[in-house]
Amino acid sequence: MIRPHERPPRIWPVVAASVIGLAILVSLGVWQVKRLAAKEALLARLAANAAAAPVDLPTALDMSRAGSNVEFVRVKFTGSYKNQPRMKMLSGYAGGQGWTIIAPVASEDGWAAIVDRGRLPGQKLDSYTLLEGPQEIEGVIRTHPNGQGYFDPVNDPASGMWHWWDVKSMLAASGLPAELKPFPFAIQLVPTENGVEFPRPQEPKADLANNHLGYAITWFGLAATLLGVAGFYILDLRRRRKNWHDLS
């Protein structure tokens, strides 16, 4: 508390600190707005990829090499599944424990690919449908760029147990003929009426967090709060300094 005979603090340090703090908060808000625009553009691009007509594997690879984002690009080709060795990845299913079934595929035009066939409940692991002979395969590309997470166990190719997506190692462990050209991305099947109950393909969905609008509102809200509090304090300080001068 400032007593009448004590000189109130100077105003300029308060103004300087407030301006610096306000500049930081507004800058963070603007940064989040820019990130929001970039994220929305990316989500729109992924949605457009998934909605476009399917392309073949060479075209998809050429798109990637040309610098296009091929996440969720739809592909379609004919190939044969290699059902042994079986590959699986622990996943959730209908609120419980499940598995993602992974299968190597040899395409008719000479490509080796890794296909995410879909998910099934834990008790169906030993009884899901194995597809024999040439199959028409339609799915979307998943690049899985993040690699091994900090808490992910090491993959065990020998037992067919995979904890994170490593397409290069999956191809190496697939047993597909060495002369096939490796396709560097996973292919996630899209749901179709093929009469197969399990594994069940998942609807393509970009699992990208987009909280930037909330963050921007938070930073701008803090900036407005700082502006109000600082403005009130500075006006009060001016009044007290004027009173102090009048009493001096």
# chains A, B, ... in the order shown; residues from 1 in each chain; ligands from 1
>>> residues_around(residues="region 183-189 of chain A", least_positions_apart="4", cutoff="8 Å", atoms="only C-alpha atoms", output="MDAnalysis selection string")
chainID A and resid 57 61 111:118 137:144 167:168 201:202 204
>>> select_by_dssp(residues="region 18-179 of chain A", states="alpha helix (DSSP H)", output="ChimeraX atom specification")
/A:18-51,57-65,167-173
>>> atom_distance(atom1="CA of Arg7 (chain A)", atom2="CA of Ala23 (chain A)")
29.4 Å
>>> residues_around(residues="Ala173 (chain A)", least_positions_apart="2", cutoff="9 Å", atoms="only C-alpha atoms", output="list in words")
Pro85, Pro157, Ala158, Gly160, Lys168, Ser169, Met170, Leu171, Gly175 and Leu176 of chain A
>>> residues_around(residues="Tyr233 (chain A)", least_positions_apart="5", cutoff="10 Å", atoms="only C-alpha atoms", output="MDAnalysis selection string")
chainID A and resid 11 14:15 227:228 238:239
>>> select_by_dssp(residues="region 21-210 of chain A", states="strand (DSSP E or B)", output="VMD selection string")
chain A and resid 55 74 to 81 87 to 93 96 to 107 111 to 121 134 to 142 156 161 to 162 181 to 189 200
>>> residues_around(residues="Thr129 (chain A)", least_positions_apart="6", cutoff="9 Å", atoms="only C-alpha atoms", output="PyMOL selection string")
chain A and resi 196-199
>>> write_last_selection(atoms="N, CA, C and O atoms", output="mmCIF file, in the first residue's frame")
data_model
loop_
_atom_site.group_PDB
_atom_site.id
_atom_site.type_symbol
_atom_site.label_atom_id
_atom_site.label_comp_id
_atom_site.auth_asym_id
_atom_site.auth_seq_id
_atom_site.Cartn_x
_atom_site.Cartn_y
_atom_site.Cartn_z
ATOM 1 N N VAL A 196 -16.067 -59.744 -46.806
ATOM 2 C CA VAL A 196 -15.142 -60.135 -45.738
ATOM 3 C C VAL A 196 -15.547 -59.414 -44.457
ATOM 4 O O VAL A 196 -15.587 -58.188 -44.415
ATOM 5 N N GLU A 197 -15.842 -60.177 -43.402
ATOM 6 C CA GLU A 197 -16.243 -59.549 -42.143
ATOM 7 C C GLU A 197 -15.043 -58.995 -41.401
ATOM 8 O O GLU A 197 -15.059 -57.855 -40.926
ATOM 9 N N PHE A 198 -14.000 -59.797 -41.261
ATOM 10 C CA PHE A 198 -12.781 -59.373 -40.569
ATOM 11 C C PHE A 198 -11.563 -59.828 -41.371
ATOM 12 O O PHE A 198 -11.574 -60.913 -41.942
ATOM 13 N N PRO A 199 -10.520 -58.967 -41.374
ATOM 14 C CA PRO A 199 -10.413 -57.644 -40.740
ATOM 15 C C PRO A 199 -11.293 -56.612 -41.445
ATOM 16 O O PRO A 199 -11.595 -56.749 -42.622
#
>>> closest_residue(among="A:Leu120, A:Ile234, A:Ile20, A:Ala206", to="Leu43 (chain A)", atoms="only C-alpha atoms")
A:Ala206
>>> atom_distance(atom1="CA of Val190 (chain A)", atom2="CA of Asn83 (chain A)")
19.3 Å
>>> closest_residue(among="A:Ser174, A:Thr218, A:Asn210, A:Asn155", to="Leu90 (chain A)", atoms="only C-alpha atoms")
A:Asn155
>>> closest_residue(among="A:Arg74, A:Arg200, A:His163, A:Arg65", to="Tyr128 (chain A)", atoms="only C-alpha atoms")
A:Arg200
>>> decode(residues="region 94-126 of chain A", atoms="N, CA and C atoms", output="tab-separated table (two decimals), in the first residue's frame")
chain	number	residue	atom	x	y	z
A	94	ALA	N	-13.67	-51.31	-31.15
A	94	ALA	CA	-14.98	-51.17	-30.50
A	94	ALA	C	-14.84	-50.99	-28.99
A	95	GLY	N	-13.88	-50.20	-28.58
A	95	GLY	CA	-13.68	-49.93	-27.17
A	95	GLY	C	-12.89	-50.97	-26.42
A	96	GLY	N	-12.48	-52.03	-27.11
A	96	GLY	CA	-11.69	-53.08	-26.47
A	96	GLY	C	-10.39	-53.32	-27.21
A	97	GLN	N	-9.72	-54.38	-26.81
A	97	GLN	CA	-8.43	-54.71	-27.43
A	97	GLN	C	-8.67	-55.35	-28.79
A	98	GLY	N	-7.86	-54.96	-29.76
A	98	GLY	CA	-7.97	-55.51	-31.10
A	98	GLY	C	-6.63	-55.54	-31.79
A	99	TRP	N	-6.68	-55.86	-33.07
A	99	TRP	CA	-5.45	-55.96	-33.87
A	99	TRP	C	-5.66	-55.30	-35.22
A	100	THR	N	-4.59	-54.69	-35.73
A	100	THR	CA	-4.53	-54.27	-37.12
A	100	THR	C	-3.80	-55.36	-37.89
A	101	ILE	N	-4.41	-55.83	-38.96
A	101	ILE	CA	-3.81	-56.89	-39.76
A	101	ILE	C	-3.06	-56.26	-40.94
A	102	ILE	N	-1.80	-56.61	-41.05
A	102	ILE	CA	-0.90	-56.06	-42.07
A	102	ILE	C	-0.54	-57.20	-43.02
A	103	ALA	N	-0.59	-56.92	-44.31
A	103	ALA	CA	-0.31	-57.98	-45.28
A	103	ALA	C	0.56	-57.46	-46.41
A	104	PRO	N	1.61	-58.19	-46.79
A	104	PRO	CA	2.38	-57.84	-47.98
A	104	PRO	C	1.58	-58.21	-49.23
A	105	VAL	N	1.78	-57.43	-50.27
A	105	VAL	CA	1.09	-57.67	-51.53
A	105	VAL	C	2.09	-57.55	-52.67
A	106	ALA	N	2.00	-58.49	-53.64
A	106	ALA	CA	2.75	-58.40	-54.88
A	106	ALA	C	1.79	-57.96	-55.97
A	107	SER	N	2.01	-56.79	-56.53
A	107	SER	CA	1.10	-56.30	-57.56
A	107	SER	C	1.40	-56.96	-58.90
A	108	GLU	N	0.41	-56.98	-59.79
A	108	GLU	CA	0.59	-57.59	-61.10
A	108	GLU	C	1.59	-56.84	-61.96
A	109	ASP	N	1.82	-55.56	-61.65
A	109	ASP	CA	2.77	-54.79	-62.46
A	109	ASP	C	4.13	-54.66	-61.77
A	110	GLY	N	4.43	-55.57	-60.83
A	110	GLY	CA	5.79	-55.69	-60.32
A	110	GLY	C	6.15	-54.87	-59.10
A	111	TRP	N	5.18	-54.54	-58.25
A	111	TRP	CA	5.46	-53.77	-57.04
A	111	TRP	C	5.24	-54.61	-55.80
A	112	ALA	N	6.07	-54.37	-54.79
A	112	ALA	CA	5.87	-54.95	-53.47
A	112	ALA	C	5.31	-53.86	-52.56
A	113	ALA	N	4.18	-54.15	-51.93
A	113	ALA	CA	3.52	-53.13	-51.11
A	113	ALA	C	3.08	-53.73	-49.78
A	114	ILE	N	2.94	-52.85	-48.79
A	114	ILE	CA	2.44	-53.24	-47.47
A	114	ILE	C	1.04	-52.66	-47.32
A	115	VAL	N	0.08	-53.54	-47.02
A	115	VAL	CA	-1.33	-53.14	-46.96
A	115	VAL	C	-1.87	-53.30	-45.55
A	116	ASP	N	-2.50	-52.25	-45.08
A	116	ASP	CA	-3.25	-52.29	-43.82
A	116	ASP	C	-4.65	-52.77	-44.17
A	117	ARG	N	-4.94	-54.05	-43.86
A	117	ARG	CA	-6.22	-54.64	-44.25
A	117	ARG	C	-7.37	-54.18	-43.35
A	118	GLY	N	-7.07	-53.68	-42.17
A	118	GLY	CA	-8.12	-53.25	-41.26
A	118	GLY	C	-7.95	-53.85	-39.88
A	119	ARG	N	-8.98	-53.73	-39.08
A	119	ARG	CA	-8.91	-54.17	-37.68
A	119	ARG	C	-9.90	-55.28	-37.39
A	120	LEU	N	-9.60	-55.99	-36.31
A	120	LEU	CA	-10.50	-57.03	-35.84
A	120	LEU	C	-10.39	-57.13	-34.32
A	121	PRO	N	-11.43	-57.67	-33.66
A	121	PRO	CA	-11.34	-57.85	-32.20
A	121	PRO	C	-10.32	-58.90	-31.83
A	122	GLY	N	-9.83	-58.83	-30.59
A	122	GLY	CA	-8.75	-59.72	-30.17
A	122	GLY	C	-9.04	-61.18	-30.36
A	123	GLN	N	-10.30	-61.62	-30.13
A	123	GLN	CA	-10.62	-63.04	-30.20
A	123	GLN	C	-10.69	-63.57	-31.62
A	124	LYS	N	-10.63	-62.66	-32.62
A	124	LYS	CA	-10.70	-63.08	-34.02
A	124	LYS	C	-9.32	-63.21	-34.67
A	125	LEU	N	-8.29	-63.06	-33.89
A	125	LEU	CA	-6.95	-63.02	-34.48
A	125	LEU	C	-6.61	-64.30	-35.25
A	126	ASP	N	-7.09	-65.43	-34.80
A	126	ASP	CA	-6.74	-66.70	-35.44
A	126	ASP	C	-7.79	-67.18	-36.42
